[in-house]
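Chemist: So here's structure-v7.pdb (PDB, C-alpha atoms, pLDDT in the B column).
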ATOM      1  CA  MET W 105       6.015  -7.487  28.661  1.00 56.00           C
ATOM      2  CA  ARG W 106       2.915  -6.796  26.608  1.00 74.00           C
ATOM      3  CA  ILE W 107      -0.278  -6.098  28.463  1.00 75.00           C
ATOM      4  CA  THR W 108      -3.377  -7.744  27.088  1.00 76.00           C
ATOM      5  CA  PRO W 109      -6.995  -6.800  27.690  1.00 76.00           C
ATOM      6  CA  LEU W 110      -7.262  -9.934  29.826  1.00 79.00           C
ATOM      7  CA  ASP W 111      -4.316  -8.754  31.994  1.00 77.00           C
ATOM      8  CA  ILE W 112      -6.136  -5.477  32.586  1.00 76.00           C
ATOM      9  CA  GLN W 113      -9.390  -7.227  33.387  1.00 77.00           C
ATOM     10  CA  GLN W 114      -7.749  -9.614  35.861  1.00 80.00           C
ATOM     11  CA  LYS W 115      -5.489  -7.030  37.589  1.00 75.00           C
ATOM     12  CA  GLN W 116      -6.030  -6.996  41.351  1.00 74.00           C
ATOM     13  CA  PHE W 117      -4.968  -4.079  43.561  1.00 71.00           C
ATOM     14  CA  LYS W 118      -4.143  -4.275  47.232  1.00 72.00           C
ATOM     15  CA  THR W 119      -6.498  -2.294  49.403  1.00 71.00           C
ATOM     16  CA  ARG W 120      -5.345  -0.121  52.223  1.00 70.00           C
ATOM     17  CA  PHE W 121      -6.947   2.196  54.621  1.00 69.00           C
ATOM     18  CA  ARG W 122      -8.282   5.134  52.629  1.00 71.00           C
ATOM     19  CA  GLY W 123      -7.295   3.328  49.423  1.00 75.00           C
ATOM     20  CA  PHE W 124      -8.814   3.709  46.013  1.00 75.00           C
ATOM     21  CA  ASP W 125     -12.509   3.274  45.393  1.00 75.00           C
ATOM     22  CA  MET W 126     -12.601  -0.262  43.990  1.00 79.00           C
ATOM     23  CA  GLU W 127     -15.601   0.461  41.782  1.00 82.00           C
ATOM     24  CA  ASP W 128     -13.772   3.411  40.210  1.00 81.00           C
ATOM     25  CA  VAL W 129     -10.649   1.314  39.666  1.00 80.00           C
ATOM     26  CA  ASP W 130     -12.678  -1.568  38.209  1.00 81.00           C
ATOM     27  CA  SER W 131     -14.674   0.684  35.902  1.00 85.00           C
ATOM     28  CA  PHE W 132     -11.509   2.438  34.740  1.00 83.00           C
ATOM     29  CA  LEU W 133      -9.787  -0.888  34.091  1.00 83.00           C
ATOM     30  CA  GLU W 134     -12.834  -2.060  32.166  1.00 85.00           C
ATOM     31  CA  LEU W 135     -12.701   1.100  30.051  1.00 86.00           C
ATOM     32  CA  ILE W 136      -8.997   0.582  29.366  1.00 86.00           C
ATOM     33  CA  ARG W 137      -9.588  -3.078  28.506  1.00 86.00           C
ATOM     34  CA  GLU W 138     -12.325  -2.141  26.036  1.00 87.00           C
ATOM     35  CA  GLU W 139     -10.125   0.531  24.447  1.00 88.00           C
ATOM     36  CA  MET W 140      -7.245  -1.889  24.172  1.00 88.00           C
ATOM     37  CA  GLU W 141      -9.453  -4.542  22.562  1.00 89.00           C
ATOM     38  CA  GLU W 142     -10.638  -1.955  20.040  1.00 91.00           C
ATOM     39  CA  LEU W 143      -7.062  -0.903  19.289  1.00 90.00           C
ATOM     40  CA  LEU W 144      -6.004  -4.525  18.830  1.00 91.00           C
ATOM     41  CA  ARG W 145      -8.924  -5.134  16.463  1.00 93.00           C
ATOM     42  CA  GLU W 146      -8.101  -1.974  14.552  1.00 94.00           C
ATOM     43  CA  ASN W 147      -4.440  -2.951  14.377  1.00 94.00           C
ATOM     44  CA  ALA W 148      -5.365  -6.378  12.990  1.00 95.00           C
ATOM     45  CA  ASN W 149      -7.631  -4.746  10.406  1.00 97.00           C
ATOM     46  CA  LEU W 150      -4.853  -2.376   9.381  1.00 96.00           C
ATOM     47  CA  ARG W 151      -2.439  -5.256   8.996  1.00 96.00           C
ATOM     48  CA  GLU W 152      -4.904  -7.053   6.749  1.00 96.00           C
ATOM     49  CA  GLU W 153      -5.428  -3.886   4.728  1.00 96.00           C
ATOM     50  CA  SER W 154      -1.669  -3.452   4.439  1.00 96.00           C
ATOM     51  CA  LYS W 155      -1.336  -7.028   3.153  1.00 96.00           C
ATOM     52  CA  ARG W 156      -4.019  -6.354   0.557  1.00 96.00           C
ATOM     53  CA  TYR W 157      -2.219  -3.215  -0.567  1.00 95.00           C
ATOM     54  CA  GLU W 158       1.081  -5.067  -0.757  1.00 95.00           C
ATOM     55  CA  LYS W 159      -0.554  -7.746  -2.894  1.00 96.00           C
ATOM     56  CA  GLN W 160      -2.067  -5.078  -5.120  1.00 95.00           C
ATOM     57  CA  LEU W 161       1.324  -3.376  -5.415  1.00 95.00           C
ATOM     58  CA  LYS W 162       2.887  -6.682  -6.496  1.00 96.00           C
ATOM     59  CA  GLU W 163       0.180  -7.028  -9.123  1.00 95.00           C
ATOM     60  CA  TYR W 164       0.950  -3.512 -10.373  1.00 95.00           C
ATOM     61  CA  LYS W 165       4.645  -4.379 -10.540  1.00 96.00           C
ATOM     62  CA  ASN W 166       3.805  -7.485 -12.551  1.00 96.00           C
ATOM     63  CA  ILE W 167       1.696  -5.363 -14.889  1.00 95.00           C
ATOM     64  CA  GLU W 168       4.559  -2.887 -15.219  1.00 94.00           C
ATOM     65  CA  THR W 169       6.960  -5.721 -16.096  1.00 95.00           C
ATOM     66  CA  THR W 170       4.513  -7.072 -18.647  1.00 95.00           C
ATOM     67  CA  LEU W 171       4.102  -3.626 -20.163  1.00 95.00           C
ATOM     68  CA  LYS W 172       7.877  -3.189 -20.416  1.00 95.00           C
ATOM     69  CA  ASP W 173       8.212  -6.602 -22.071  1.00 94.00           C
ATOM     70  CA  THR W 174       5.441  -5.669 -24.483  1.00 94.00           C
ATOM     71  CA  LEU W 175       7.221  -2.417 -25.285  1.00 94.00           C
ATOM     72  CA  ILE W 176      10.486  -4.229 -26.040  1.00 94.00           C
ATOM     73  CA  SER W 177       8.656  -6.869 -28.062  1.00 95.00           C
ATOM     74  CA  THR W 178       6.794  -4.207 -30.034  1.00 93.00           C
ATOM     75  CA  GLN W 179      10.022  -2.341 -30.757  1.00 94.00           C
ATOM     76  CA  GLN W 180      11.659  -5.583 -31.920  1.00 93.00           C
ATOM     77  CA  MET W 181       8.696  -6.276 -34.224  1.00 91.00           C
ATOM     78  CA  VAL W 182       9.002  -2.816 -35.748  1.00 90.00           C
ATOM     79  CA  ASP W 183      12.704  -3.346 -36.369  1.00 89.00           C
ATOM     80  CA  GLU W 184      12.079  -6.753 -37.973  1.00 87.00           C
ATOM     81  CA  TYR W 185       9.420  -5.355 -40.296  1.00 78.00           C
ATOM     82  CA  ARG W 186      11.704  -2.494 -41.277  1.00 72.00           C
ATOM     83  CA  ASN W 187      14.583  -4.890 -42.157  1.00 74.00           C
ATOM     84  CA  THR W 188      12.281  -7.172 -44.116  1.00 72.00           C
ATOM     85  CA  ALA W 189      10.858  -4.269 -46.095  1.00 66.00           C
ATOM     86  CA  LYS W 190      14.340  -3.109 -47.175  1.00 69.00           C
ATOM     87  CA  LYS W 191      15.199  -6.555 -48.610  1.00 69.00           C
ATOM     88  CA  GLU W 192      12.130  -6.874 -50.828  1.00 69.00           C
ATOM     89  CA  ALA W 193      11.730  -5.696 -54.398  1.00 66.00           C
ATOM     90  CA  GLU W 194      11.060  -2.015 -55.164  1.00 64.00           C
ATOM     91  CA  LEU W 195       7.325  -2.465 -55.626  1.00 74.00           C
ATOM     92  CA  ILE W 196       7.040  -4.585 -52.530  1.00 72.00           C
ATOM     93  CA  VAL W 197       9.342  -2.147 -50.697  1.00 63.00           C
ATOM     94  CA  LYS W 198       7.029   0.774 -51.427  1.00 76.00           C
ATOM     95  CA  GLU W 199       4.026  -1.172 -50.196  1.00 81.00           C
ATOM     96  CA  ALA W 200       5.952  -2.446 -47.182  1.00 75.00           C
ATOM     97  CA  GLU W 201       7.092   1.070 -46.323  1.00 82.00           C
ATOM     98  CA  LEU W 202       3.485   2.235 -46.196  1.00 90.00           C
ATOM     99  CA  LYS W 203       2.506  -0.681 -43.961  1.00 92.00           C
ATOM    100  CA  THR W 204       5.591  -0.169 -41.811  1.00 91.00           C
ATOM    101  CA  ASP W 205       4.795   3.486 -41.361  1.00 93.00           C
ATOM    102  CA  GLU W 206       1.307   2.543 -40.195  1.00 94.00           C
ATOM    103  CA  MET W 207       2.696  -0.056 -37.817  1.00 93.00           C
ATOM    104  CA  ILE W 208       5.280   2.387 -36.486  1.00 93.00           C
ATOM    105  CA  SER W 209       2.539   4.888 -35.792  1.00 95.00           C
ATOM    106  CA  ALA W 210       0.504   2.239 -34.033  1.00 94.00           C
ATOM    107  CA  ALA W 211       3.562   1.039 -32.117  1.00 94.00           C
ATOM    108  CA  GLN W 212       4.454   4.584 -31.126  1.00 95.00           C
ATOM    109  CA  GLU W 213       0.915   5.147 -29.931  1.00 95.00           C
ATOM    110  CA  LYS W 214       1.233   1.934 -27.920  1.00 95.00           C
ATOM    111  CA  ILE W 215       4.584   3.109 -26.568  1.00 94.00           C
ATOM    112  CA  VAL W 216       3.099   6.451 -25.565  1.00 95.00           C
ATOM    113  CA  LYS W 217       0.139   4.678 -23.980  1.00 96.00           C
ATOM    114  CA  ILE W 218       2.422   2.233 -22.170  1.00 94.00           C
ATOM    115  CA  HIS W 219       4.590   5.113 -20.925  1.00 95.00           C
ATOM    116  CA  GLU W 220       1.465   6.889 -19.721  1.00 95.00           C
ATOM    117  CA  ASP W 221       0.287   3.707 -18.010  1.00 93.00           C
ATOM    118  CA  ILE W 222       3.680   3.247 -16.360  1.00 95.00           C
ATOM    119  CA  THR W 223       3.645   6.866 -15.209  1.00 95.00           C
ATOM    120  CA  ASP W 224       0.101   6.437 -13.875  1.00 94.00           C
ATOM    121  CA  LEU W 225       1.073   3.243 -12.063  1.00 94.00           C
ATOM    122  CA  LYS W 226       4.092   4.946 -10.526  1.00 96.00           C
ATOM    123  CA  GLY W 227       1.849   7.789  -9.392  1.00 94.00           C
ATOM    124  CA  ILE W 228      -0.620   5.324  -7.891  1.00 94.00           C
ATOM    125  CA  ARG W 229       2.217   3.514  -6.139  1.00 95.00           C
ATOM    126  CA  ARG W 230       3.636   6.791  -4.805  1.00 96.00           C
ATOM    127  CA  HIS W 231       0.173   7.905  -3.666  1.00 96.00           C
ATOM    128  CA  PHE W 232      -0.400   4.546  -1.980  1.00 94.00           C
ATOM    129  CA  LYS W 233       2.923   4.812  -0.168  1.00 96.00           C
ATOM    130  CA  GLU W 234       2.133   8.350   0.966  1.00 96.00           C
ATOM    131  CA  GLU W 235      -1.337   7.389   2.160  1.00 95.00           C
ATOM    132  CA  LEU W 236       0.010   4.351   3.963  1.00 95.00           C
ATOM    133  CA  LYS W 237       2.731   6.476   5.581  1.00 96.00           C
ATOM    134  CA  ARG W 238       0.140   9.070   6.667  1.00 96.00           C
ATOM    135  CA  LEU W 239      -2.071   6.324   8.049  1.00 94.00           C
ATOM    136  CA  ILE W 240       0.772   4.752   9.982  1.00 95.00           C
ATOM    137  CA  GLU W 241       1.902   8.148  11.307  1.00 95.00           C
ATOM    138  CA  SER W 242      -1.643   8.958  12.348  1.00 95.00           C
ATOM    139  CA  HIS W 243      -1.927   5.712  14.252  1.00 94.00           C
ATOM    140  CA  MET W 244       1.456   6.275  15.824  1.00 95.00           C
ATOM    141  CA  ARG W 245       0.259   9.704  17.026  1.00 95.00           C
ATOM    142  CA  MET W 246      -2.903   8.106  18.415  1.00 93.00           C
ATOM    143  CA  LEU W 247      -0.822   5.505  20.236  1.00 92.00           C
ATOM    144  CA  GLU W 248       1.449   8.233  21.624  1.00 94.00           C
ATOM    145  CA  PHE W 249      -1.607  10.216  22.711  1.00 92.00           C
ATOM    146  CA  ASP W 250      -3.020   7.149  24.465  1.00 89.00           C
ATOM    147  CA  LYS W 251       0.349   6.556  26.067  1.00 90.00           C
ATOM    148  CA  GLU W 252       0.441  10.147  27.336  1.00 88.00           C
ATOM    149  CA  ARG W 253      -3.127   9.866  28.640  1.00 89.00           C
ATOM    150  CA  GLU W 254      -2.247   6.665  30.426  1.00 87.00           C
ATOM    151  CA  ALA W 255       0.860   8.315  31.901  1.00 85.00           C
ATOM    152  CA  GLU W 256      -1.210  11.306  33.032  1.00 84.00           C
ATOM    153  CA  ALA W 257      -3.820   9.002  34.461  1.00 81.00           C
ATOM    154  CA  SER W 258      -1.227   6.970  36.320  1.00 81.00           C
ATOM    155  CA  ASN W 259       0.355  10.183  37.636  1.00 80.00           C
ATOM    156  CA  GLU W 260      -3.017  11.357  38.894  1.00 74.00           C
ATOM    157  CA  ILE W 261      -3.537   8.104  40.744  1.00 63.00           C
TER     158      ILE W 261
END
Can you dump the structure from the file as structure tokens?
Modeler:
Amino acid sequence: MRITPLDIQQKQFKTRFRGFDMEDVDSFLELIREEMEELLRENANLREESKRYEKQLKEYKNIETTLKDTLISTQQMVDEYRNTAKKEAELIVKEAELKTDEMISAAQEKIVKIHEDITDLKGIRRHFKEELKRLIESHMRMLEFDKEREAEASNEI
């Protein structure tokens, strides 16, 4: 059974001779209710943030796929130009070889750049995962701390 802030606010205690001070109980319940509302808001915000990060990660994966496709396409273009150059006449072959060499250099620079981009994206993804894990662990510790405080408080009562 999950306890909501409304459950806390509406909780009624039986009174007995020499029982609890009702004002203290009410003020403490109000404090707990407010804390719980804040935690629920924060949890909702974190879920939204997590969804945004997941969407961003999907976009990065799409970019990575596009970059890989571009790399394959570029390599195929280089191979096609190389085969075409070999079939042409000697004069055309010499000219084609010069152009092919320039294109290979450009393609290799693109490949290096794409590899760097992929590596950067993987690093960003890894960093995001680590940050998200740290954030989740931090919130789990806060929830455990609150749980311990509540247990201590209930033991004191």
Chemist: Check which residues satisfy the PyMOL selection byres ((chain W and resi 230-239) around 10) in the file shown, then give them as a VMD selection string.
Modeler: chain W and resid 150 153 to 154 157 to 158 161 224 to 229 240 to 245
Chemist: Would you compute the distance between CA of Leu247 (chain W) and CA of Lys155 (chain W)? Give it in Å to one decimal.
Modeler: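 CA of Lys155 (chain W) lies 21.2 Å from CA of Leu247 (chain W).
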Chemist: For each of W:Ile196, W:Asn259, W:Ile215, W:Ile136, take the minimum atom-to-atom distance to Ile176 (chain W), counting only C-alpha atoms, then give the residue where this is smallest.
Modeler: W:Ile215
Chemist: Give as a ChimeraX atom specification the set of residues within 9 Å of the point (8.1, -2.6, -41.6), where distances use the file's coordinates and only C-alpha atoms.
Modeler: /W:181-190,200-208
Chemist: When you draw a straight line from CA of Glu163 (chain W) to CA of Arg151 (chain W), how long is it in Å?
Modeler: 18.4 Å
Chemist: What is the distance between CA of Ala210 (chain W) and CA of Thr169 (chain W), in Å to one decimal?
Modeler: 20.7 Å
Chemist: If you count all atoms listed in the file, which residues fall within 12 Å of region 119-133 of chain W, apart from same-chain ones fewer than 2 positions away, as a list in words?
Modeler: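 The contact residues come out as Thr108, Pro109, Leu110, Asp111, Ile112, Gln113, Gln114, Lys115, Gln116, Phe117, Leu135, Ile136, Arg137, Glu138, Glu139, Met140, Glu254, Ala257, Ser258, Glu260 and Ile261 of chain W.
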Chemist: Would you save the residues of that selection, restricted to C-alpha atoms, as an mmCIF file, in the frame of the given file?
Modeler:
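Output saved as result18.cif:
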data_model
loop_
_atom_site.group_PDB
_atom_site.id
_atom_site.type_symbol
_atom_site.label_atom_id
_atom_site.label_comp_id
_atom_site.auth_asym_id
_atom_site.auth_seq_id
_atom_site.Cartn_x
_atom_site.Cartn_y
_atom_site.Cartn_z
ATOM 1 C CA THR W 108 -3.377 -7.744 27.088
ATOM 2 C CA PRO W 109 -6.995 -6.800 27.690
ATOM 3 C CA LEU W 110 -7.262 -9.934 29.826
ATOM 4 C CA ASP W 111 -4.316 -8.754 31.994
ATOM 5 C CA ILE W 112 -6.136 -5.477 32.586
ATOM 6 C CA GLN W 113 -9.390 -7.227 33.387
ATOM 7 C CA GLN W 114 -7.749 -9.614 35.861
ATOM 8 C CA LYS W 115 -5.489 -7.030 37.589
ATOM 9 C CA GLN W 116 -6.030 -6.996 41.351
ATOM 10 C CA PHE W 117 -4.968 -4.079 43.561
ATOM 11 C CA LEU W 135 -12.701 1.100 30.051
ATOM 12 C CA ILE W 136 -8.997 0.582 29.366
ATOM 13 C CA ARG W 137 -9.588 -3.078 28.506
ATOM 14 C CA GLU W 138 -12.325 -2.141 26.036
ATOM 15 C CA GLU W 139 -10.125 0.531 24.447
ATOM 16 C CA MET W 140 -7.245 -1.889 24.172
ATOM 17 C CA GLU W 254 -2.247 6.665 30.426
ATOM 18 C CA ALA W 257 -3.820 9.002 34.461
ATOM 19 C CA SER W 258 -1.227 6.970 36.320
ATOM 20 C CA GLU W 260 -3.017 11.357 38.894
ATOM 21 C CA ILE W 261 -3.537 8.104 40.744
#
Chemist: Kindly indicate which residue among W:Leu175, W:Ala255, W:Leu143, W:Met246 lies nearest to His219 (chain W), using only C-alpha atoms for the distances.
Modeler: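 The closest residue to His219 (chain W) is W:Leu175.
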Chemist: Of the residues W:Lys198, W:Lys172, W:Lys251, W:Lys165, which is the one nearest to Lys217 (chain W), using only C-alpha atoms?
Modeler: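 Closest to Lys217 (chain W), using only C-alpha atoms: W:Lys172.
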Chemist: Counting all atoms listed in the file, figure out which residue out of W:Lys159, W:Glu168, W:Ile107, W:Leu195 gets nearest to Glu141 (chain W).
Modeler: W:Ile107
Chemist: Using only C-alpha atoms, can you tell me which of W:Glu142, W:Glu213, W:Glu220, W:Glu252 comes closest to Gln179 (chain W)?
Modeler: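 Among the listed residues, W:Glu213 lies closest to Gln179 (chain W).
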Chemist: Between W:Glu134, W:Asp173, W:Glu152, W:Glu146, single out the one closest to Ile218 (chain W), counting only C-alpha atoms.
Modeler: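 When distances to Ile218 (chain W) are compared using only C-alpha atoms, the smallest one comes from W:Asp173.
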